[in-house]
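Comments concern the structure below.
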Amino acid sequence: MILAGTRKGLFLLRSEDRRTWTVEEPTLEGWDVFHAVQDPRDGSLYAAANNWVYGATVQRSTDNGKTWTRAEGLGLPEDSGLKLEKSWHVEPGRESEPGRVWLGAAPGVMFRSDDSGESFEVVESLLNEPTRERWQPGAGGMCTHSIQLDPQDENLMYIGISAAGVFRSEDGGESWTPKNKGTAADFMPDDPFPELGQCVHKLLLHPGQDGRLWQQNHCGVYRTDDRGENWERLEGNGLPSGFGFPLALDHRRPDAAFVVPEIGAENRVTPDGRLGVYRTEDGGKSWELASAGLPDPGWVSVKRESMASDRLDTPGTYLGTQSGSIFVSPNAGDEWIEAAGQLPEVLSVETGEWQ
């Protein structure tokens with residue numbers, strides 16, 4: 001199953017072989033679905049959904065999207081001086097944490113639920129983070145868009161905030177430490193390598209190699225092998241640009257990753273007039289174009305949440321475009337198939353199993 005969040009609701013796509021796909025009728029109609037995910041613990045669907053009337057919230061479905069329950073009372077304390085703007089990213093807790101769900105939102109905040117999304121409490125440690133006054137909103141707002149939970153250590157987690165940077169917690173979210181050493185902020189010429197203020201676009205933790213994370217940044221693609229203590233920039237070796245938003249990994253191979261570069265901040269379309277997915281199999285030392293079957297020519301843009309991979313033995317890779325197409329590679333980037341077209345603007349892509 002593909003969960004495609006769009007400007008006009010959530011679309012679910014079904015397939016038996018990852019080559020032929022059926023598009024179900026849309027659900028959550030009228031909502032901007034910034035991110036939707038299936039909880040691997042019980043099959044529930046969660047959606048970070050936003051509506052111009054009802055505001056920002058989380059929706060949960062236990063019947064493949066037929067019906068939804070909306071989290072009520074989601075908001076920020078009045079004395080914070082902040083107002084909840086958008087819900088951005090939903091992250092189910094670990095197998096050992098029944099009922100726990102995390103939500104990333106703007107302006108640079110997080111919420112935690114321990115009752116499967118019925119209610120959420122703001123993460124006070126991030127709301128009151130001492131460095132907050134030095135954060136700046138990116139073009140999409142100051143959003144907490146990446147939440148990564150270490151599979152082995154229940155106290156270890158990472159988040160990405162645009163434009164504040166990467167933060168690590170070693171106590172389950174009770175406190176946070178910026179982890180941006182080696183990550184550039186080219187838009188800050190007076191201090192191009194600050195402690196924080198970097199515009200991270202997407203952050204992923206590799207599930208099979210301890211300490212390895214990847215990030216697609218406003219200013220390059222990066223990898224760390226020491227839990228964010230040091231970041232290595234991975235461009236100038238096959239990528240036409242370091243700027244981009246989405247990122248996907250291969251769960252079997254820690255050295256494999258996929259990105260979709262864009263020309264730059266002022267022209268956010270894919271370079272060379274084609275939709276180019278670039279793949280590395282050596283930890284970012286080199287990149288190759290892996291776009292057989294993708295539009296050429298094509299001037300395309302892909303959102304930060306609009307790329308994903310599954311956990312099958314031969315991993316599939318998935319991406320959605322702002323122009324409303326969903327593409328699938330059933331063989332780790334060797335070829336691409338259009339699974340759906342003419343959808344509303346695609347904001348997010350995730351995978352799951354039809355229940």
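By convention here, the chains of the structure tokens are called A, B, ... in the order presented, each chain's residues are numbered starting at 1, and ligands are numbered starting at 1 in the order presented.
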Next on the checklist: I want to know what sits within 10 Å of Asp150 of chain A, based on only C-alpha atoms, with residues of the same chain fewer than 6 positions away left out; could you give that as JSON, numbers by chain?
Outcome noted: {"A": [94, 156, 157, 158, 170, 205, 206, 207, 210, 211, 227]}
Checklist entry - Could you name the residues that touch segment 120-129 of chain A at 7 Å or less, counting only C-alpha atoms, but leaving out those on the same chain fewer than 5 positions away, as a list in words? => result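 Using only C-alpha atoms, the neighbours found are Leu74, Leu76, Val109, Met110, Phe111, Arg112, Ser113, Glu174 and Ser175 of chain A.
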For segment 117-168 of chain A versus segment 49-72 of chain A, which residues have an atom no more than 7 Å away, and what is each residue's nearest atom pair and distance in Å rounded to one decimal, using only C-alpha atoms, chain-then-number order, as CSV?
residue,atom,partner,partner_atom,distance
A:Gly117,CA,A:Ala71,CA,6.2
A:Glu118,CA,A:Ala71,CA,5.1
A:Ser119,CA,A:Ala71,CA,5.7
Item to check | Surrounding residues of segment 135-147 of chain A excluding itself and chain neighbours under 2 positions, 9 Å, only C-alpha atoms, as a PyMOL selection string | outcome: chain A and resi 85-91+102-110+131-133+149+157-165+196-199+201-204+304-305
Next on the checklist: Need the shell around Lys303 of chain A: protein/DNA/RNA residues with any atom at most 12 Å away, counting only C-alpha atoms. Skip same-chain ones fewer than 2 positions apart. Format as number ranges by chain?
Outcome noted: A: 4-6, 34-35, 140, 145, 201-202, 216, 244-247, 259-262, 268-270, 300-301, 305-308, 319-324, 345-349
